[in-house]
file run_9.cif (mmCIF, C-alpha atoms)
data_run
loop_
_atom_site.label_atom_id
_atom_site.label_comp_id
_atom_site.auth_asym_id
_atom_site.auth_seq_id
_atom_site.Cartn_x
_atom_site.Cartn_y
_atom_site.Cartn_z
CA MET A 4 -237.09 55.07 50.67
CA LYS A 5 -234.58 52.36 51.45
CA ARG A 6 -231.34 52.73 49.48
CA SER A 7 -229.44 49.68 48.27
CA ASP A 8 -225.79 49.05 49.02
CA THR A 9 -224.94 50.10 45.47
CA ASP A 10 -226.34 53.57 46.11
CA ARG A 11 -223.18 55.13 47.47
CA ILE A 12 -219.41 55.30 47.35
CA GLY A 13 -217.42 56.38 50.39
CA ARG A 14 -213.72 57.17 50.52
CA GLN A 15 -211.40 58.53 53.19
CA VAL A 16 -207.90 59.88 52.96
CA LEU A 17 -205.56 61.31 55.60
CA ILE A 18 -203.70 64.32 54.28
CA ARG A 19 -200.68 65.63 56.15
CA ALA A 20 -201.69 69.28 55.79
CA PRO A 21 -203.78 71.70 57.86
CA ARG A 22 -207.53 71.82 57.33
CA SER A 23 -207.35 75.36 55.91
CA ARG A 24 -204.89 74.16 53.26
CA VAL A 25 -207.10 71.21 52.25
CA TRP A 26 -210.12 73.50 52.11
CA ARG A 27 -208.29 75.79 49.69
CA ALA A 28 -207.31 72.85 47.47
CA LEU A 29 -210.99 71.85 47.35
CA THR A 30 -212.59 75.22 46.77
CA ASP A 31 -210.11 77.37 44.88
CA PRO A 32 -211.05 76.68 41.24
CA ALA A 33 -207.44 76.63 39.97
CA GLU A 34 -206.21 74.40 42.80
CA PHE A 35 -209.22 72.11 42.51
CA GLY A 36 -208.74 71.82 38.76
CA ALA A 37 -205.10 70.80 39.10
CA TRP A 38 -205.77 67.58 41.00
CA PHE A 39 -209.27 66.84 39.72
CA GLY A 40 -208.29 67.25 36.08
CA VAL A 41 -210.52 70.08 34.91
CA ASN A 42 -210.17 73.67 33.73
CA VAL A 43 -212.79 75.33 35.92
CA ASP A 44 -214.70 78.23 34.44
CA GLY A 45 -216.03 80.41 37.27
CA THR A 46 -215.93 80.39 41.05
CA PHE A 47 -217.42 78.08 43.65
CA ALA A 48 -220.36 79.40 45.66
CA PRO A 49 -223.41 77.70 47.20
CA GLY A 50 -226.12 77.25 44.56
CA ALA A 51 -223.81 78.13 41.68
CA ARG A 52 -223.67 76.08 38.52
CA VAL A 53 -220.02 75.70 37.55
CA ARG A 54 -218.69 74.29 34.32
CA GLY A 55 -215.28 73.43 33.02
CA ARG A 56 -213.29 71.45 30.49
CA ILE A 57 -211.95 68.05 31.43
CA THR A 58 -208.16 68.03 31.01
CA HIS A 59 -207.61 64.24 31.09
CA LYS A 60 -206.09 63.08 27.83
CA GLY A 61 -208.76 61.67 25.57
CA TYR A 62 -211.57 63.40 27.46
CA GLU A 63 -210.82 67.00 26.52
CA HIS A 64 -214.03 67.22 24.50
CA LEU A 65 -216.12 66.75 27.63
CA THR A 66 -217.74 69.45 29.70
CA TRP A 67 -217.62 69.16 33.45
CA ASP A 68 -220.83 70.49 34.91
CA ILE A 69 -221.75 70.66 38.60
CA THR A 70 -224.20 72.53 40.79
CA ILE A 71 -222.72 73.48 44.15
CA ASP A 72 -224.86 72.44 47.07
CA ARG A 73 -223.29 73.57 50.35
CA MET A 74 -220.05 75.27 51.41
CA GLU A 75 -219.30 75.38 55.13
CA PRO A 76 -215.75 76.78 55.40
CA GLU A 77 -213.13 74.20 56.36
CA ARG A 78 -215.84 71.66 57.16
CA LEU A 79 -218.09 70.67 54.27
CA PHE A 80 -218.27 71.13 50.50
CA SER A 81 -220.89 69.42 48.33
CA TRP A 82 -222.16 69.40 44.77
CA ARG A 83 -224.54 67.56 42.47
CA TRP A 84 -223.62 66.21 39.05
CA HIS A 85 -224.25 63.43 36.58
CA PRO A 86 -221.66 60.75 37.22
CA TYR A 87 -219.66 59.60 34.27
CA ALA A 88 -221.65 61.63 31.77
CA VAL A 89 -219.29 60.83 28.92
CA GLU A 90 -221.42 60.02 25.91
CA PRO A 91 -221.30 62.92 23.47
CA GLY A 92 -224.70 64.22 22.44
CA VAL A 93 -226.56 62.60 25.34
CA ASP A 94 -228.70 64.89 27.45
CA TYR A 95 -228.27 63.69 31.02
CA SER A 96 -230.43 66.39 32.56
CA PRO A 97 -233.57 64.18 32.87
CA GLU A 98 -231.59 61.77 35.09
CA PRO A 99 -231.47 62.44 38.82
CA PRO A 100 -227.97 63.68 39.73
CA THR A 101 -225.76 62.16 42.39
CA LEU A 102 -224.61 64.15 45.42
CA VAL A 103 -220.89 64.45 46.19
CA VAL A 104 -220.02 65.49 49.74
CA PHE A 105 -216.51 66.33 50.98
CA GLU A 106 -216.08 66.54 54.74
CA LEU A 107 -212.94 67.75 56.50
CA GLU A 108 -211.94 66.78 60.00
CA GLU A 109 -208.86 67.79 61.97
CA VAL A 110 -206.98 64.71 63.23
CA PRO A 111 -203.52 64.23 64.75
CA GLY A 112 -201.01 64.71 61.96
CA GLY A 113 -203.28 66.46 59.53
CA THR A 114 -206.74 66.40 58.02
CA ARG A 115 -209.08 63.53 57.38
CA LEU A 116 -210.97 64.08 54.14
CA THR A 117 -214.09 61.98 53.53
CA VAL A 118 -215.83 61.86 50.17
CA VAL A 119 -219.26 60.29 49.80
CA GLU A 120 -221.05 60.14 46.47
CA SER A 121 -224.65 58.94 46.75
CA GLY A 122 -227.78 58.55 44.64
CA PHE A 123 -226.52 55.92 42.19
CA ASP A 124 -229.71 53.89 42.64
CA ASP A 125 -231.55 56.57 40.69
CA VAL A 126 -229.25 56.34 37.66
CA PRO A 127 -231.02 54.11 35.10
CA LEU A 128 -229.65 50.58 35.23
CA ALA A 129 -229.21 50.34 31.46
CA ARG A 130 -226.98 53.41 31.55
CA ARG A 131 -224.95 52.00 34.40
CA ALA A 132 -224.23 48.90 32.31
CA GLN A 133 -223.42 50.98 29.23
CA ALA A 134 -221.26 53.44 31.09
CA TYR A 135 -219.24 50.63 32.60
CA ARG A 136 -217.62 49.89 29.24
CA MET A 137 -216.48 53.50 28.78
CA ASN A 138 -215.60 53.85 32.41
CA SER A 139 -213.12 51.00 32.14
CA GLU A 140 -211.30 52.85 29.37
CA GLY A 141 -211.30 56.06 31.36
CA TRP A 142 -210.00 54.27 34.40
CA THR A 143 -207.08 52.79 32.45
CA ILE A 144 -206.16 56.23 31.11
CA GLN A 145 -206.31 57.71 34.61
CA ALA A 146 -204.21 54.93 36.10
CA GLY A 147 -201.58 55.68 33.46
CA ALA A 148 -201.60 59.36 34.42
CA ILE A 149 -200.95 58.48 38.06
CA GLU A 150 -198.09 56.17 37.18
CA ARG A 151 -196.43 58.92 35.11
CA TYR A 152 -196.97 61.46 37.91
CA VAL A 153 -195.47 59.22 40.57
CA ALA A 154 -192.57 58.20 38.31
CA ALA A 155 -191.79 61.86 37.57
CA LYS A 156 -191.67 62.61 41.29
CA ALA A 157 -189.42 59.66 42.16
CA MET B 11 -199.02 46.42 36.38
CA SER B 12 -200.92 46.58 39.67
CA PRO B 13 -203.27 43.73 40.64
CA ARG B 14 -206.17 46.16 40.58
CA LYS B 15 -205.41 47.13 37.01
CA ARG B 16 -205.07 43.51 35.93
CA SER B 17 -208.36 42.55 37.50
CA ALA B 18 -210.03 45.55 35.89
CA ARG B 19 -208.80 44.35 32.49
CA GLN B 20 -209.95 40.81 33.22
CA SER B 21 -213.41 41.88 34.27
CA LEU B 22 -213.61 44.03 31.16
CA ALA B 23 -212.78 41.02 28.99
CA ASP B 24 -215.35 38.90 30.84
CA SER B 25 -217.96 41.55 30.18
CA ALA B 26 -217.42 41.74 26.41
CA PRO B 27 -220.35 39.40 25.58
CA VAL B 28 -222.61 41.51 27.79
CA PHE B 29 -221.77 44.68 25.93
CA ALA B 30 -222.07 42.95 22.56
CA ALA B 31 -225.57 41.91 23.60
CA LEU B 32 -226.40 45.43 24.80
CA GLY B 33 -224.95 47.03 21.69
CA ASP B 34 -228.29 47.03 19.92
CA PRO B 35 -230.99 49.66 20.52
CA THR B 36 -233.84 47.14 20.57
CA ARG B 37 -232.11 44.88 23.09
CA LEU B 38 -231.03 47.80 25.24
CA GLY B 39 -234.65 48.94 25.18
CA LEU B 40 -235.85 45.49 26.29
CA VAL B 41 -233.37 45.47 29.18
CA ALA B 42 -234.42 48.96 30.21
CA ARG B 43 -238.10 47.96 30.19
CA LEU B 44 -237.45 44.79 32.19
CA CYS B 45 -235.40 46.80 34.70
CA ALA B 46 -238.11 49.39 35.07
CA SER B 47 -241.18 47.14 35.08
CA GLY B 48 -240.02 43.76 36.38
CA PRO B 49 -240.88 40.40 34.79
CA MET B 50 -242.93 40.61 31.59
CA SER B 51 -244.39 38.26 29.00
CA ILE B 52 -243.39 38.52 25.34
CA ALA B 53 -246.92 39.69 24.60
CA ARG B 54 -246.48 42.65 26.93
CA LEU B 55 -242.95 43.36 25.70
CA THR B 56 -244.26 43.46 22.12
CA GLU B 57 -247.24 45.69 22.95
CA GLY B 58 -247.18 49.11 21.34
CA GLY B 59 -243.78 48.56 19.74
CA SER B 60 -242.88 48.31 16.07
CA VAL B 61 -240.86 45.12 16.56
CA THR B 62 -242.57 41.79 15.85
CA ARG B 63 -243.08 39.09 18.43
CA GLN B 64 -240.61 36.84 16.58
CA ALA B 65 -237.94 39.55 16.58
CA VAL B 66 -238.46 40.29 20.29
CA THR B 67 -238.14 36.57 21.03
CA LYS B 68 -234.88 36.40 19.07
CA HIS B 69 -233.47 39.42 20.92
CA LEU B 70 -234.48 37.95 24.28
CA TYR B 71 -232.55 34.77 23.50
CA VAL B 72 -229.45 36.80 22.62
CA LEU B 73 -229.77 38.60 25.96
CA ALA B 74 -230.30 35.27 27.73
CA ASP B 75 -227.14 33.83 26.13
CA ALA B 76 -225.18 36.78 27.53
CA GLY B 77 -226.67 36.04 30.96
CA LEU B 78 -228.58 39.32 31.13
CA VAL B 79 -232.14 37.98 31.23
CA ARG B 80 -233.84 34.69 31.86
CA GLY B 81 -237.13 33.24 30.75
CA THR B 82 -239.38 31.13 32.97
CA ARG B 83 -242.20 29.07 31.58
CA VAL B 84 -245.56 30.12 32.97
CA GLY B 85 -248.38 28.06 31.44
CA ARG B 86 -248.16 28.50 27.69
CA ASP B 87 -246.07 31.63 27.87
CA HIS B 88 -242.60 32.66 28.99
CA LEU B 89 -242.06 35.30 31.59
CA TRP B 90 -238.86 37.24 31.03
CA GLU B 91 -236.90 38.97 33.72
CA ILE B 92 -233.52 40.52 34.40
CA GLU B 93 -230.92 38.01 35.58
CA PRO B 94 -229.99 39.26 39.06
CA ALA B 95 -226.36 38.13 38.78
CA ARG B 96 -225.80 40.70 36.07
CA LEU B 97 -226.91 43.40 38.40
CA ASP B 98 -223.34 42.98 39.57
CA ASP B 99 -222.49 45.24 36.66
CA ALA B 100 -224.04 48.07 38.62
CA ARG B 101 -221.68 47.29 41.46
CA ARG B 102 -218.70 47.04 39.14
CA TRP B 103 -219.57 50.39 37.62
CA LEU B 104 -219.58 51.79 41.13
CA ASP B 105 -216.21 50.18 41.80
CA HIS B 106 -214.78 51.92 38.77
CA ILE B 107 -216.12 55.29 39.82
CA ALA B 108 -214.71 54.63 43.28
CA GLY B 109 -211.37 53.89 41.58
CA GLN B 110 -211.49 57.29 39.95
CA TRP B 111 -212.15 58.93 43.31
CA ASP B 112 -209.17 57.02 44.72
CA ASP B 113 -206.99 58.37 41.92
CA ALA B 114 -208.23 61.93 42.31
CA LEU B 115 -207.79 61.88 46.10
CA GLY B 116 -204.34 60.38 45.61
CA ARG B 117 -203.40 63.31 43.40
CA LEU B 118 -204.80 65.76 45.96
CA LYS B 119 -202.84 64.15 48.78
CA GLU B 120 -199.62 64.12 46.74
CA SER B 121 -199.97 67.76 45.80
CA LEU B 122 -200.56 68.91 49.39
CA GLU B 123 -197.84 66.81 51.00
CA ARG B 124 -195.18 67.72 48.47
#

call {"tool": "encode", "arguments": {"input": "run_9.cif", "output": "structure tokens"}}
result
Amino acid sequence: MKRSDTDRIGRQVLIRAPRSRVWRALTDPAEFGAWFGVNVDGTFAPGARVRGRITHKGYEHLTWDITIDRMEPERLFSWRWHPYAVEPGVDYSPEPPTLVVFELEEVPGGTRLTVVESGFDDVPLARRAQAYRMNSEGWTIQAGAIERYVAAKA
Amino acid sequence: MSPRKRSARQSLADSAPVFAALGDPTRLGLVARLCASGPMSIARLTEGGSVTRQAVTKHLYVLADAGLVRGTRVGRDHLWEIEPARLDDARRWLDHIAGQWDDALGRLKESLER
């Protein structure tokens, strides 16, 4: 099936750290939780369902819930989840999940980390429109967190 | 305030009428059906539901005012369909999720390069 151009998000970041270090930050539950903003309950393993509590202010009531897809040490880490599943009391399980894939590549000066999230075409359009409203609020809160973090470091 | 943040606020303000229009279960249901099934007549949209033809018509005009759907005259009936421009909302939603990935990856990078 042909996917539309709104089916996926792709992001790349160059991190000045060795690949093994980036891999640990991705797959050690405590390290992952620190930058992602979640208290992870359990360990990461292929096929495992892992849950946690979101730690972003205002979202602490939400459960983070992923199913690990693949783990190829220092190369690839992927999971499936329901993107922006933030409405309390809504059962998202009938919706097809999206797939999040992290890929690590050694480059001069560090590690190139690529994240691709795909499968948005399968999320019902009405929910995408609805979620947008809440997402904007969440985004503003997250932007504030970054500003405070950067200011504290300066 | 960063330009990205300002534009996010602006697009949120621009979208307020859309969410007001969608903030009704019947209208949200109509949008969902039009998304799933493509253009439909009022007769078909009314079929099997508990909402009257007059009420469905009223809701469709509210959605049309918000730019979410449009009606085309076909013979004696109107055919209603999703307004493609508003499908941009799907893209904007994606942009916001992408923004969250940017923030998360930014935090990861900061923490590893400290």

call {"tool": "residues_around", "arguments": {"input": "run_9.cif", "residues": "range 39-49 of chain B", "least_positions_apart": "4", "cutoff": "12 Å", "atoms": "only C-alpha atoms", "output": "NGL selection string"}}
result
(:A and (125-133)) or (:B and (28 or 31-35 or 53-57 or 59 or 61 or 65-74 or 77-84 or 88-94 or 96-97))

call {"tool": "atom_distance", "arguments": {"input": "run_9.cif", "atom1": "CA of Thr58 in chain A", "atom2": "CA of Val41 in chain A"}}
result
5.0 Å

call {"tool": "interface_residues", "arguments": {"input": "run_9.cif", "of": "chain B", "to": "chain A", "cutoff": "9 Å", "atoms": "all atoms listed in the file", "output": "MDAnalysis selection string"}}
result
chainID B and resid 15 18:19 22 25:26 28:29 32:33 38:39 41:42 45:46 97 99:123

call {"tool": "resolve_selection", "arguments": {"input": "run_9.cif", "expression": "the PyMOL selection byres ((chain A and resi 79) around 8)", "output": "JSON, numbers by chain"}}
result
{"A": [73, 74, 75, 76, 77, 78, 80, 81, 104, 105, 106, 107]}

call {"tool": "atom_distance", "arguments": {"input": "run_9.cif", "atom1": "CA of Ile69 in chain A", "atom2": "CA of Ala33 in chain A"}}
result
15.6 Å

call {"tool": "resolve_selection", "arguments": {"input": "run_9.cif", "expression": "the PyMOL selection byres ((chain A and resi 102) around 9)", "output": "ChimeraX atom specification"}}
result
/A:72,81-85,100-101,103-104,119-122

call {"tool": "resolve_selection", "arguments": {"input": "run_9.cif", "expression": "the PyMOL selection byres ((chain A and resi 64) around 12)", "output": "VMD selection string"}}
result
chain A and resid 41 to 42 55 to 63 65 to 67 88 to 92

call {"tool": "residues_around", "arguments": {"input": "run_9.cif", "residues": "Val53 in chain A", "least_positions_apart": "6", "cutoff": "9 Å", "atoms": "all atoms listed in the file", "output": "list in words"}}
result
Val43, Asp44, Gly45, Thr46, Phe47, Trp67, Asp68, Ile69, Thr70 and Ile71 of chain A

call {"tool": "atom_distance", "arguments": {"input": "run_9.cif", "atom1": "CA of Arg115 in chain A", "atom2": "CA of Arg22 in chain A"}}
result
8.4 Å
